[in-house]
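Structure file data-v8.pdb (PDB, C-alpha atoms) is printed below.
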```
ATOM      1  CA  MET Z   1      12.265  65.332 -23.903  1.00  0.00           C
ATOM      2  CA  LEU Z   2      10.845  65.627 -20.370  1.00  0.00           C
ATOM      3  CA  GLU Z   3       7.113  65.960 -19.881  1.00  0.00           C
ATOM      4  CA  ILE Z   4       5.401  65.999 -16.506  1.00  0.00           C
ATOM      5  CA  LYS Z   5       1.625  65.678 -16.669  1.00  0.00           C
ATOM      6  CA  ASN Z   6      -0.738  66.460 -13.784  1.00  0.00           C
ATOM      7  CA  LEU Z   7       1.751  65.065 -11.272  1.00  0.00           C
ATOM      8  CA  SER Z   8       0.716  64.659  -7.639  1.00  0.00           C
ATOM      9  CA  VAL Z   9       3.129  63.178  -5.092  1.00  0.00           C
ATOM     10  CA  ALA Z  10       2.876  62.078  -1.469  1.00  0.00           C
ATOM     11  CA  VAL Z  11       5.568  61.370   1.114  1.00  0.00           C
ATOM     12  CA  GLU Z  12       4.613  59.059   3.983  1.00  0.00           C
ATOM     13  CA  GLY Z  13       0.947  59.637   3.218  1.00  0.00           C
ATOM     14  CA  LYS Z  14       1.199  63.431   3.115  1.00  0.00           C
ATOM     15  CA  LYS Z  15       0.540  65.011  -0.267  1.00  0.00           C
ATOM     16  CA  ILE Z  16       3.390  67.367  -1.238  1.00  0.00           C
ATOM     17  CA  LEU Z  17       2.920  68.064  -4.955  1.00  0.00           C
ATOM     18  CA  HIS Z  18      -0.413  68.928  -6.535  1.00  0.00           C
ATOM     19  CA  ASN Z  19      -1.149  68.666 -10.256  1.00  0.00           C
ATOM     20  CA  VAL Z  20       2.291  69.774 -11.492  1.00  0.00           C
ATOM     21  CA  ASN Z  21       2.773  70.248 -15.242  1.00  0.00           C
ATOM     22  CA  LEU Z  22       6.168  70.911 -16.798  1.00  0.00           C
ATOM     23  CA  THR Z  23       7.806  70.348 -20.176  1.00  0.00           C
ATOM     24  CA  ILE Z  24      11.507  70.730 -21.031  1.00  0.00           C
ATOM     25  CA  GLY Z  25      12.766  70.331 -24.580  1.00  0.00           C
ATOM     26  CA  THR Z  26      16.137  69.003 -25.690  1.00  0.00           C
ATOM     27  CA  GLY Z  27      18.867  71.595 -25.203  1.00  0.00           C
ATOM     28  CA  GLU Z  28      16.800  73.714 -22.813  1.00  0.00           C
ATOM     29  CA  THR Z  29      17.573  74.748 -19.253  1.00  0.00           C
ATOM     30  CA  HIS Z  30      14.704  75.604 -16.924  1.00  0.00           C
ATOM     31  CA  VAL Z  31      14.872  76.932 -13.378  1.00  0.00           C
ATOM     32  CA  LEU Z  32      12.498  76.320 -10.489  1.00  0.00           C
ATOM     33  CA  LEU Z  33      12.300  78.985  -7.775  1.00  0.00           C
ATOM     34  CA  GLY Z  34      10.344  79.003  -4.564  1.00  0.00           C
ATOM     35  CA  PRO Z  35      10.592  79.336  -0.796  1.00  0.00           C
ATOM     36  CA  ASN Z  36      11.949  76.545   1.380  1.00  0.00           C
ATOM     37  CA  GLY Z  37       9.477  73.713   1.860  1.00  0.00           C
ATOM     38  CA  SER Z  38       7.479  74.491  -1.279  1.00  0.00           C
ATOM     39  CA  GLY Z  39       8.088  71.090  -2.908  1.00  0.00           C
ATOM     40  CA  LYS Z  40      10.983  71.853  -5.255  1.00  0.00           C
ATOM     41  CA  THR Z  41      13.268  69.061  -4.035  1.00  0.00           C
ATOM     42  CA  THR Z  42      10.326  66.654  -3.940  1.00  0.00           C
ATOM     43  CA  LEU Z  43       9.824  67.231  -7.651  1.00  0.00           C
ATOM     44  CA  LEU Z  44      13.460  66.440  -8.468  1.00  0.00           C
ATOM     45  CA  MET Z  45      13.497  63.360  -6.251  1.00  0.00           C
ATOM     46  CA  THR Z  46      10.305  62.131  -7.899  1.00  0.00           C
ATOM     47  CA  ILE Z  47      11.731  62.601 -11.399  1.00  0.00           C
ATOM     48  CA  MET Z  48      14.829  60.654 -10.314  1.00  0.00           C
ATOM     49  CA  GLY Z  49      12.658  57.876  -8.885  1.00  0.00           C
ATOM     50  CA  PHE Z  50      13.471  57.794  -5.176  1.00  0.00           C
ATOM     51  CA  PRO Z  51      11.000  55.284  -3.686  1.00  0.00           C
ATOM     52  CA  LYS Z  52      10.085  57.530  -0.729  1.00  0.00           C
ATOM     53  CA  TYR Z  53       8.232  59.823  -3.143  1.00  0.00           C
ATOM     54  CA  GLN Z  54       4.988  58.154  -4.183  1.00  0.00           C
ATOM     55  CA  VAL Z  55       3.216  59.317  -7.346  1.00  0.00           C
ATOM     56  CA  THR Z  56      -0.491  59.390  -6.558  1.00  0.00           C
ATOM     57  CA  ASP Z  57      -1.608  60.838  -9.879  1.00  0.00           C
ATOM     58  CA  GLY Z  58      -0.157  61.873 -13.221  1.00  0.00           C
ATOM     59  CA  ASN Z  59       2.767  60.738 -15.344  1.00  0.00           C
ATOM     60  CA  ILE Z  60       6.418  61.459 -16.069  1.00  0.00           C
ATOM     61  CA  LEU Z  61       7.564  60.970 -19.662  1.00  0.00           C
ATOM     62  CA  PHE Z  62      11.233  61.010 -20.646  1.00  0.00           C
ATOM     63  CA  LYS Z  63      12.349  60.618 -24.270  1.00  0.00           C
ATOM     64  CA  GLY Z  64       8.782  59.613 -25.076  1.00  0.00           C
ATOM     65  CA  GLU Z  65       8.795  56.768 -22.528  1.00  0.00           C
ATOM     66  CA  ASP Z  66       6.607  56.652 -19.428  1.00  0.00           C
ATOM     67  CA  ILE Z  67       9.036  56.365 -16.506  1.00  0.00           C
ATOM     68  CA  THR Z  68       6.507  56.984 -13.724  1.00  0.00           C
ATOM     69  CA  LYS Z  69       6.997  53.506 -12.250  1.00  0.00           C
ATOM     70  CA  MET Z  70      10.542  52.903 -13.488  1.00  0.00           C
ATOM     71  CA  PRO Z  71      13.193  52.081 -10.817  1.00  0.00           C
ATOM     72  CA  MET Z  72      15.829  54.695 -10.089  1.00  0.00           C
ATOM     73  CA  ASP Z  73      18.744  52.741 -11.568  1.00  0.00           C
ATOM     74  CA  GLU Z  74      16.906  52.330 -14.880  1.00  0.00           C
ATOM     75  CA  ARG Z  75      16.235  56.069 -15.000  1.00  0.00           C
ATOM     76  CA  ALA Z  76      19.938  56.726 -14.473  1.00  0.00           C
ATOM     77  CA  ARG Z  77      20.830  54.358 -17.309  1.00  0.00           C
ATOM     78  CA  LEU Z  78      18.220  56.057 -19.492  1.00  0.00           C
ATOM     79  CA  GLY Z  79      20.104  59.335 -19.012  1.00  0.00           C
ATOM     80  CA  ILE Z  80      18.918  61.146 -15.858  1.00  0.00           C
ATOM     81  CA  GLY Z  81      21.445  62.459 -13.344  1.00  0.00           C
ATOM     82  CA  ILE Z  82      21.058  64.436 -10.131  1.00  0.00           C
ATOM     83  CA  SER Z  83      23.128  66.748  -7.958  1.00  0.00           C
ATOM     84  CA  PHE Z  84      21.885  66.905  -4.375  1.00  0.00           C
ATOM     85  CA  GLN Z  85      21.546  69.978  -2.227  1.00  0.00           C
ATOM     86  CA  ARG Z  86      23.071  68.095   0.711  1.00  0.00           C
ATOM     87  CA  PRO Z  87      24.947  65.081  -0.667  1.00  0.00           C
ATOM     88  CA  PRO Z  88      25.718  62.278   1.784  1.00  0.00           C
ATOM     89  CA  VAL Z  89      29.150  61.269   3.012  1.00  0.00           C
ATOM     90  CA  VAL Z  90      30.024  57.799   1.719  1.00  0.00           C
ATOM     91  CA  ARG Z  91      32.703  56.164   3.844  1.00  0.00           C
ATOM     92  CA  GLY Z  92      34.735  53.377   2.294  1.00  0.00           C
ATOM     93  CA  VAL Z  93      34.204  54.521  -1.306  1.00  0.00           C
ATOM     94  CA  LYS Z  94      36.874  56.676  -2.922  1.00  0.00           C
ATOM     95  CA  THR Z  95      35.869  59.658  -4.987  1.00  0.00           C
ATOM     96  CA  LYS Z  96      37.944  58.294  -7.855  1.00  0.00           C
ATOM     97  CA  ASP Z  97      35.989  55.043  -7.871  1.00  0.00           C
ATOM     98  CA  MET Z  98      32.649  56.854  -7.970  1.00  0.00           C
ATOM     99  CA  VAL Z  99      33.784  58.957 -10.919  1.00  0.00           C
ATOM    100  CA  MET Z 100      34.962  55.856 -12.776  1.00  0.00           C
ATOM    101  CA  ALA Z 101      31.658  54.098 -12.040  1.00  0.00           C
ATOM    102  CA  SER Z 102      29.781  57.114 -13.401  1.00  0.00           C
ATOM    103  CA  MET Z 103      31.732  56.835 -16.660  1.00  0.00           C
ATOM    104  CA  LYS Z 104      30.681  53.196 -17.051  1.00  0.00           C
ATOM    105  CA  ASP Z 105      32.808  51.346 -19.610  1.00  0.00           C
ATOM    106  CA  LYS Z 106      34.519  54.437 -21.051  1.00  0.00           C
ATOM    107  CA  SER Z 107      36.477  55.279 -17.897  1.00  0.00           C
ATOM    108  CA  THR Z 108      40.247  55.664 -17.974  1.00  0.00           C
ATOM    109  CA  PRO Z 109      42.668  57.099 -15.404  1.00  0.00           C
ATOM    110  CA  GLU Z 110      43.460  59.878 -17.859  1.00  0.00           C
ATOM    111  CA  LEU Z 111      39.814  60.943 -18.160  1.00  0.00           C
ATOM    112  CA  VAL Z 112      39.395  60.878 -14.383  1.00  0.00           C
ATOM    113  CA  ALA Z 113      42.505  63.025 -13.980  1.00  0.00           C
ATOM    114  CA  THR Z 114      41.186  65.495 -16.559  1.00  0.00           C
ATOM    115  CA  LEU Z 115      37.862  65.850 -14.743  1.00  0.00           C
ATOM    116  CA  ALA Z 116      39.601  66.222 -11.383  1.00  0.00           C
ATOM    117  CA  ASN Z 117      41.797  68.975 -12.750  1.00  0.00           C
ATOM    118  CA  LYS Z 118      38.791  70.716 -14.312  1.00  0.00           C
ATOM    119  CA  THR Z 119      36.905  70.687 -10.996  1.00  0.00           C
ATOM    120  CA  ASP Z 120      40.014  71.447  -8.896  1.00  0.00           C
ATOM    121  CA  LEU Z 121      39.704  68.119  -7.050  1.00  0.00           C
ATOM    122  CA  THR Z 122      42.934  66.331  -8.000  1.00  0.00           C
ATOM    123  CA  GLU Z 123      43.960  65.963  -4.353  1.00  0.00           C
ATOM    124  CA  PHE Z 124      40.562  64.529  -3.405  1.00  0.00           C
ATOM    125  CA  LEU Z 125      40.427  61.484  -5.674  1.00  0.00           C
ATOM    126  CA  GLU Z 126      41.797  59.088  -3.067  1.00  0.00           C
ATOM    127  CA  ARG Z 127      39.552  60.423  -0.293  1.00  0.00           C
ATOM    128  CA  ASP Z 128      36.185  58.975   0.735  1.00  0.00           C
ATOM    129  CA  ILE Z 129      33.274  60.656  -1.019  1.00  0.00           C
ATOM    130  CA  ASN Z 130      32.506  64.027   0.628  1.00  0.00           C
ATOM    131  CA  TYR Z 131      34.244  63.057   3.883  1.00  0.00           C
ATOM    132  CA  GLY Z 132      35.711  66.216   5.370  1.00  0.00           C
ATOM    133  CA  PHE Z 133      34.901  68.204   2.220  1.00  0.00           C
ATOM    134  CA  SER Z 134      33.891  71.868   2.452  1.00  0.00           C
ATOM    135  CA  GLY Z 135      30.609  73.062   0.927  1.00  0.00           C
ATOM    136  CA  GLY Z 136      32.310  74.143  -2.273  1.00  0.00           C
ATOM    137  CA  GLU Z 137      34.322  70.927  -2.520  1.00  0.00           C
ATOM    138  CA  ILE Z 138      31.168  68.837  -2.134  1.00  0.00           C
ATOM    139  CA  LYS Z 139      29.401  70.754  -4.893  1.00  0.00           C
ATOM    140  CA  ARG Z 140      32.417  70.418  -7.204  1.00  0.00           C
ATOM    141  CA  SER Z 141      32.540  66.690  -6.440  1.00  0.00           C
ATOM    142  CA  GLU Z 142      28.881  66.404  -7.452  1.00  0.00           C
ATOM    143  CA  MET Z 143      29.627  68.233 -10.690  1.00  0.00           C
ATOM    144  CA  MET Z 144      32.617  66.003 -11.407  1.00  0.00           C
ATOM    145  CA  GLN Z 145      30.410  62.928 -11.101  1.00  0.00           C
ATOM    146  CA  LEU Z 146      27.752  64.446 -13.368  1.00  0.00           C
ATOM    147  CA  LEU Z 147      30.353  65.424 -15.967  1.00  0.00           C
ATOM    148  CA  ALA Z 148      31.555  61.829 -15.875  1.00  0.00           C
ATOM    149  CA  GLN Z 149      28.011  60.512 -16.328  1.00  0.00           C
ATOM    150  CA  LYS Z 150      27.028  63.027 -19.044  1.00  0.00           C
ATOM    151  CA  PRO Z 151      23.286  62.641 -18.445  1.00  0.00           C
ATOM    152  CA  ASP Z 152      20.756  63.808 -21.019  1.00  0.00           C
ATOM    153  CA  LEU Z 153      18.768  65.377 -18.168  1.00  0.00           C
ATOM    154  CA  ALA Z 154      20.643  67.017 -15.273  1.00  0.00           C
ATOM    155  CA  LEU Z 155      18.637  67.739 -12.118  1.00  0.00           C
ATOM    156  CA  LEU Z 156      20.520  70.303 -10.014  1.00  0.00           C
ATOM    157  CA  ASP Z 157      19.236  70.988  -6.503  1.00  0.00           C
ATOM    158  CA  GLU Z 158      20.490  74.396  -5.309  1.00  0.00           C
ATOM    159  CA  PRO Z 159      23.994  74.119  -6.783  1.00  0.00           C
ATOM    160  CA  GLU Z 160      24.986  77.439  -5.147  1.00  0.00           C
ATOM    161  CA  SER Z 161      23.843  76.455  -1.627  1.00  0.00           C
ATOM    162  CA  GLY Z 162      26.626  76.729   0.974  1.00  0.00           C
ATOM    163  CA  VAL Z 163      29.156  77.847  -1.629  1.00  0.00           C
ATOM    164  CA  ASP Z 164      31.309  80.974  -1.635  1.00  0.00           C
ATOM    165  CA  LEU Z 165      31.432  83.363  -4.591  1.00  0.00           C
ATOM    166  CA  GLU Z 166      34.620  81.914  -6.069  1.00  0.00           C
ATOM    167  CA  ASN Z 167      33.184  78.410  -6.064  1.00  0.00           C
ATOM    168  CA  ILE Z 168      29.844  79.581  -7.499  1.00  0.00           C
ATOM    169  CA  ALA Z 169      31.675  80.964 -10.528  1.00  0.00           C
ATOM    170  CA  LEU Z 170      33.456  77.653 -11.091  1.00  0.00           C
ATOM    171  CA  ILE Z 171      30.292  75.620 -10.536  1.00  0.00           C
ATOM    172  CA  GLY Z 172      28.458  77.854 -12.998  1.00  0.00           C
ATOM    173  CA  LYS Z 173      31.198  77.198 -15.557  1.00  0.00           C
ATOM    174  CA  LEU Z 174      30.926  73.436 -14.964  1.00  0.00           C
ATOM    175  CA  ILE Z 175      27.133  73.516 -15.313  1.00  0.00           C
ATOM    176  CA  ASN Z 176      27.464  75.376 -18.591  1.00  0.00           C
ATOM    177  CA  GLU Z 177      29.813  72.671 -19.854  1.00  0.00           C
ATOM    178  CA  LEU Z 178      27.488  69.912 -18.633  1.00  0.00           C
ATOM    179  CA  LEU Z 179      24.534  71.523 -20.434  1.00  0.00           C
ATOM    180  CA  GLU Z 180      26.567  72.239 -23.588  1.00  0.00           C
ATOM    181  CA  LYS Z 181      25.935  75.970 -23.419  1.00  0.00           C
ATOM    182  CA  ASP Z 182      28.768  76.678 -25.867  1.00  0.00           C
ATOM    183  CA  SER Z 183      26.897  74.780 -28.588  1.00  0.00           C
ATOM    184  CA  PRO Z 184      23.877  76.116 -30.485  1.00  0.00           C
ATOM    185  CA  MET Z 185      20.516  74.927 -29.175  1.00  0.00           C
ATOM    186  CA  HIS Z 186      19.805  72.597 -32.112  1.00  0.00           C
ATOM    187  CA  SER Z 187      23.025  70.633 -31.580  1.00  0.00           C
ATOM    188  CA  ARG Z 188      22.714  70.084 -27.813  1.00  0.00           C
ATOM    189  CA  ASN Z 189      21.781  66.671 -26.456  1.00  0.00           C
ATOM    190  CA  SER Z 190      21.377  67.659 -22.814  1.00  0.00           C
ATOM    191  CA  MET Z 191      18.896  69.654 -20.798  1.00  0.00           C
ATOM    192  CA  GLY Z 192      18.671  70.831 -17.217  1.00  0.00           C
ATOM    193  CA  LEU Z 193      16.260  71.603 -14.411  1.00  0.00           C
ATOM    194  CA  ILE Z 194      17.831  73.771 -11.736  1.00  0.00           C
ATOM    195  CA  ILE Z 195      16.358  74.468  -8.317  1.00  0.00           C
ATOM    196  CA  THR Z 196      17.365  77.728  -6.688  1.00  0.00           C
ATOM    197  CA  HIS Z 197      16.127  79.577  -3.635  1.00  0.00           C
ATOM    198  CA  THR Z 198      18.315  82.664  -3.974  1.00  0.00           C
ATOM    199  CA  GLY Z 199      18.744  82.796  -7.759  1.00  0.00           C
ATOM    200  CA  HIS Z 200      22.511  83.407  -7.511  1.00  0.00           C
ATOM    201  CA  ILE Z 201      23.274  80.647 -10.011  1.00  0.00           C
ATOM    202  CA  LEU Z 202      21.406  82.621 -12.702  1.00  0.00           C
ATOM    203  CA  GLU Z 203      24.293  85.098 -12.721  1.00  0.00           C
ATOM    204  CA  TYR Z 204      26.399  82.329 -14.289  1.00  0.00           C
ATOM    205  CA  VAL Z 205      23.943  80.006 -16.069  1.00  0.00           C
ATOM    206  CA  ASN Z 206      21.253  81.150 -18.502  1.00  0.00           C
ATOM    207  CA  ALA Z 207      17.855  79.493 -18.320  1.00  0.00           C
ATOM    208  CA  ARG Z 208      15.074  79.502 -20.901  1.00  0.00           C
ATOM    209  CA  ASN Z 209      12.071  79.396 -18.551  1.00  0.00           C
ATOM    210  CA  GLY Z 210      11.531  80.052 -14.880  1.00  0.00           C
ATOM    211  CA  TYR Z 211       8.802  78.726 -12.597  1.00  0.00           C
ATOM    212  CA  ILE Z 212       7.674  79.607  -9.099  1.00  0.00           C
ATOM    213  CA  MET Z 213       6.542  76.734  -6.906  1.00  0.00           C
ATOM    214  CA  LEU Z 214       4.317  77.508  -3.918  1.00  0.00           C
ATOM    215  CA  ASP Z 215       2.752  74.888  -1.664  1.00  0.00           C
ATOM    216  CA  GLY Z 216       3.495  72.078  -4.100  1.00  0.00           C
ATOM    217  CA  THR Z 217       2.040  73.785  -7.154  1.00  0.00           C
ATOM    218  CA  ILE Z 218       3.650  75.721  -9.992  1.00  0.00           C
ATOM    219  CA  SER Z 219       1.968  79.094  -9.684  1.00  0.00           C
ATOM    220  CA  CYS Z 220       3.494  80.903 -12.663  1.00  0.00           C
ATOM    221  CA  MET Z 221       6.171  80.776 -15.329  1.00  0.00           C
ATOM    222  CA  GLY Z 222       8.118  83.271 -17.415  1.00  0.00           C
ATOM    223  CA  ASP Z 223      11.527  84.796 -17.964  1.00  0.00           C
ATOM    224  CA  PRO Z 224      13.641  83.643 -14.984  1.00  0.00           C
ATOM    225  CA  HIS Z 225      15.477  86.941 -14.608  1.00  0.00           C
ATOM    226  CA  GLU Z 226      12.238  88.930 -14.584  1.00  0.00           C
ATOM    227  CA  ILE Z 227      10.747  86.546 -12.045  1.00  0.00           C
ATOM    228  CA  LEU Z 228      13.846  86.832  -9.857  1.00  0.00           C
ATOM    229  CA  THR Z 229      13.738  90.634 -10.033  1.00  0.00           C
ATOM    230  CA  GLU Z 230      10.143  90.594  -8.786  1.00  0.00           C
ATOM    231  CA  ILE Z 231      11.000  88.171  -5.996  1.00  0.00           C
ATOM    232  CA  LYS Z 232      13.907  90.338  -4.841  1.00  0.00           C
ATOM    233  CA  ALA Z 233      11.647  93.392  -4.833  1.00  0.00           C
ATOM    234  CA  CYS Z 234       8.513  91.902  -3.298  1.00  0.00           C
ATOM    235  CA  GLY Z 235       9.415  88.500  -1.832  1.00  0.00           C
ATOM    236  CA  TYR Z 236       7.644  85.187  -2.232  1.00  0.00           C
ATOM    237  CA  GLY Z 237       4.760  86.492  -0.128  1.00  0.00           C
ATOM    238  CA  GLN Z 238       3.675  88.687  -3.012  1.00  0.00           C
ATOM    239  CA  CYS Z 239       3.859  85.632  -5.306  1.00  0.00           C
ATOM    240  CA  ALA Z 240       1.430  83.850  -2.998  1.00  0.00           C
ATOM    241  CA  LYS Z 241      -0.986  86.804  -3.135  1.00  0.00           C
ATOM    242  CA  CYS Z 242      -0.700  86.898  -6.932  1.00  0.00           C
ATOM    243  CA  ALA Z 243      -1.375  83.150  -7.202  1.00  0.00           C
ATOM    244  CA  PHE Z 244      -4.376  83.492  -4.884  1.00  0.00           C
ATOM    245  CA  ARG Z 245      -5.841  86.312  -6.979  1.00  0.00           C
ATOM    246  CA  SER Z 246      -5.296  84.329 -10.181  1.00  0.00           C
ATOM    247  CA  ALA Z 247      -7.007  81.261  -8.739  1.00  0.00           C
ATOM    248  CA  HIS Z 248     -10.055  83.323  -7.720  1.00  0.00           C
ATOM    249  CA  HIS Z 249     -10.231  85.582 -10.764  1.00  0.00           C
ATOM    250  CA  VAL Z 250     -13.559  85.498 -12.546  1.00  0.00           C
TER     251      VAL Z 250
END
```
Can you dump the structure from the file as structure tokens?
Amino acid sequence: MLEIKNLSVAVEGKKILHNVNLTIGTGETHVLLGPNGSGKTTLLMTIMGFPKYQVTDGNILFKGEDITKMPMDERARLGIGISFQRPPVVRGVKTKDMVMASMKDKSTPELVATLANKTDLTEFLERDINYGFSGGEIKRSEMMQLLAQKPDLALLDEPESGVDLENIALIGKLINELLEKDSPMHSRNSMGLIITHTGHILEYVNARNGYIMLDGTISCMGDPHEILTEIKACGYGQCAKCAFRSAHHV
């Protein structure tokens, strides 16, 4: 459903991603780990189509269609949604209105109220988007908008960042609902790519494959929990040494 082929990306003339390859099937959840500044967010922003991120080589295919040059709004309509690590404050736009816009033509006050109750944001619907929200409230607001959109591909940038333990548990529950984790794999229509630096979200959301990104390149892949265990024991520095040895192995 999502296929990234030999993708290289530059930002303001500086190359950030180098020959990235990644495939996610329908119903699957994959997780991308790596130190800060390794290119993880750049990959998500590129998939979403933000114009700042220029594809210099390679292709992005979604549902069999090449979306490499597709505008961001068309990608959203095609079924891609994103949750930001640091979402912006939007003054003058009520949270309720954003949720209704995300639902398109199927929005009703009752559905909005149901989502607000589910995300514990009933009292925030009439407030400007993210204005004066805590870290946990911002993340729940992002999840409410994604649940309203119901994208086929959810891109989640560090959903546990700046969130306390109680909120992480709720956000994990919301992600599981978004990705249809209660349904068997063959009946799911959604898939997810989750960025995490700490790996805390993996205590609440299961992922099929894990990847480590270092210096704009995916250096290895495998079971996400095994990868996380190694990172906790040895740090990302050991990952860099391992990647270097692999690249120079004869």
Please build the interface table for region 75-193 of chain Z against region 39-59 of chain Z with a cut-off of 9 Å, listing for each qualifying residue the nearest atom pair and the distance in Å to one decimal; count all atoms listed in the file, order rows by chain and increasing number, and write it as JSON lines.
```
{"residue": "Z:Arg75", "atom": "CA", "partner": "Z:Met48", "partner_atom": "CA", "distance": 6.7}
{"residue": "Z:Ala76", "atom": "CA", "partner": "Z:Met48", "partner_atom": "CA", "distance": 7.7}
{"residue": "Z:Ile80", "atom": "CA", "partner": "Z:Met48", "partner_atom": "CA", "distance": 6.9}
{"residue": "Z:Gly81", "atom": "CA", "partner": "Z:Met48", "partner_atom": "CA", "distance": 7.5}
{"residue": "Z:Ile82", "atom": "CA", "partner": "Z:Met48", "partner_atom": "CA", "distance": 7.3}
{"residue": "Z:Phe84", "atom": "CA", "partner": "Z:Thr41", "partner_atom": "CA", "distance": 8.9}
{"residue": "Z:Gln85", "atom": "CA", "partner": "Z:Thr41", "partner_atom": "CA", "distance": 8.5}
{"residue": "Z:Leu155", "atom": "CA", "partner": "Z:Leu44", "partner_atom": "CA", "distance": 6.5}
{"residue": "Z:Leu156", "atom": "CA", "partner": "Z:Leu44", "partner_atom": "CA", "distance": 8.2}
{"residue": "Z:Asp157", "atom": "CA", "partner": "Z:Thr41", "partner_atom": "CA", "distance": 6.7}
{"residue": "Z:Leu193", "atom": "CA", "partner": "Z:Leu44", "partner_atom": "CA", "distance": 8.4}
```
- Task: Using the chain letters and residue numbers of this document, give as a PyMOL selection string the residues selected by the PyMOL selection byres ((chain Z and resi 127) around 9).
- Result: chain Z and resi 92-96+123-126+128-132
Region 142-232 of chain Z residues near region 4-18 of chain Z within 10 Å, closest pair each, using all atoms listed in the file, as a Markdown table:
```
| residue | atom | partner | partner_atom | distance |
| --- | --- | --- | --- | --- |
| Z:Met213 | CA | Z:Leu17 | CA | 9.6 |
| Z:Leu214 | CA | Z:Leu17 | CA | 9.6 |
| Z:Asp215 | CA | Z:Ile16 | CA | 7.6 |
| Z:Gly216 | CA | Z:Leu17 | CA | 4.1 |
| Z:Thr217 | CA | Z:His18 | CA | 5.5 |
| Z:Ile218 | CA | Z:His18 | CA | 8.6 |
```
- Query: When you draw a straight line from CA of Glu74 (chain Z) to CA of Ala207 (chain Z), how long is it in Å?
  - Reply: 27.4 Å
- Could you give me, as a ChimeraX atom specification, the residues within 9 Å of Pro224 (chain Z), counting all atoms listed in the file and dropping anything in the same chain fewer than 3 positions from it? /Z:30-33,199,202,206-211,221,227-229
Closest-contact table, region 109-133 of chain Z side, partner region 161-179 of chain Z, 12 Å, counting all atoms listed in the file, as a tab-separated table:
```
residue	atom	partner	partner_atom	distance
Z:Leu115	CA	Z:Leu174	CA	10.3
Z:Ala116	CA	Z:Leu174	CA	11.8
Z:Asn117	CA	Z:Leu174	CA	12.0
Z:Lys118	CA	Z:Leu174	CA	8.3
Z:Thr119	CA	Z:Leu174	CA	7.7
Z:Asp120	CA	Z:Leu170	CA	9.3
Z:Phe133	CA	Z:Val163	CA	11.9
```
- Message: Just the number, please: distance in Å from CA of Leu153 (chain Z) to CA of Gly135 (chain Z), one decimal.
- Response: 23.7 Å
- Message: Taking all atoms listed in the file into account, name the residue in Z:Met1, Z:Met98, Z:Leu147, Z:Met185 that is nearest to Glu65 (chain Z).
- Response: Z:Met1
- Query: Of the residues Z:Met191, Z:Glu158, Z:Ile138, Z:Ser107, which is the one nearest to Gly79 (chain Z), using all atoms listed in the file?
  - Reply: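 That would be Z:Met191, the residue with the smallest distance to Gly79 (chain Z).
Coordinates place CA of Ser190 (chain Z) at a distance of 16.2 Å from CA of Met103 (chain Z).
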- Proximity to Ser219 (chain Z) - best of Z:Ala233, Z:Gln238, Z:Met72, Z:Thr29, all atoms listed in the file: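 The closest residue to Ser219 (chain Z) is Z:Gln238.
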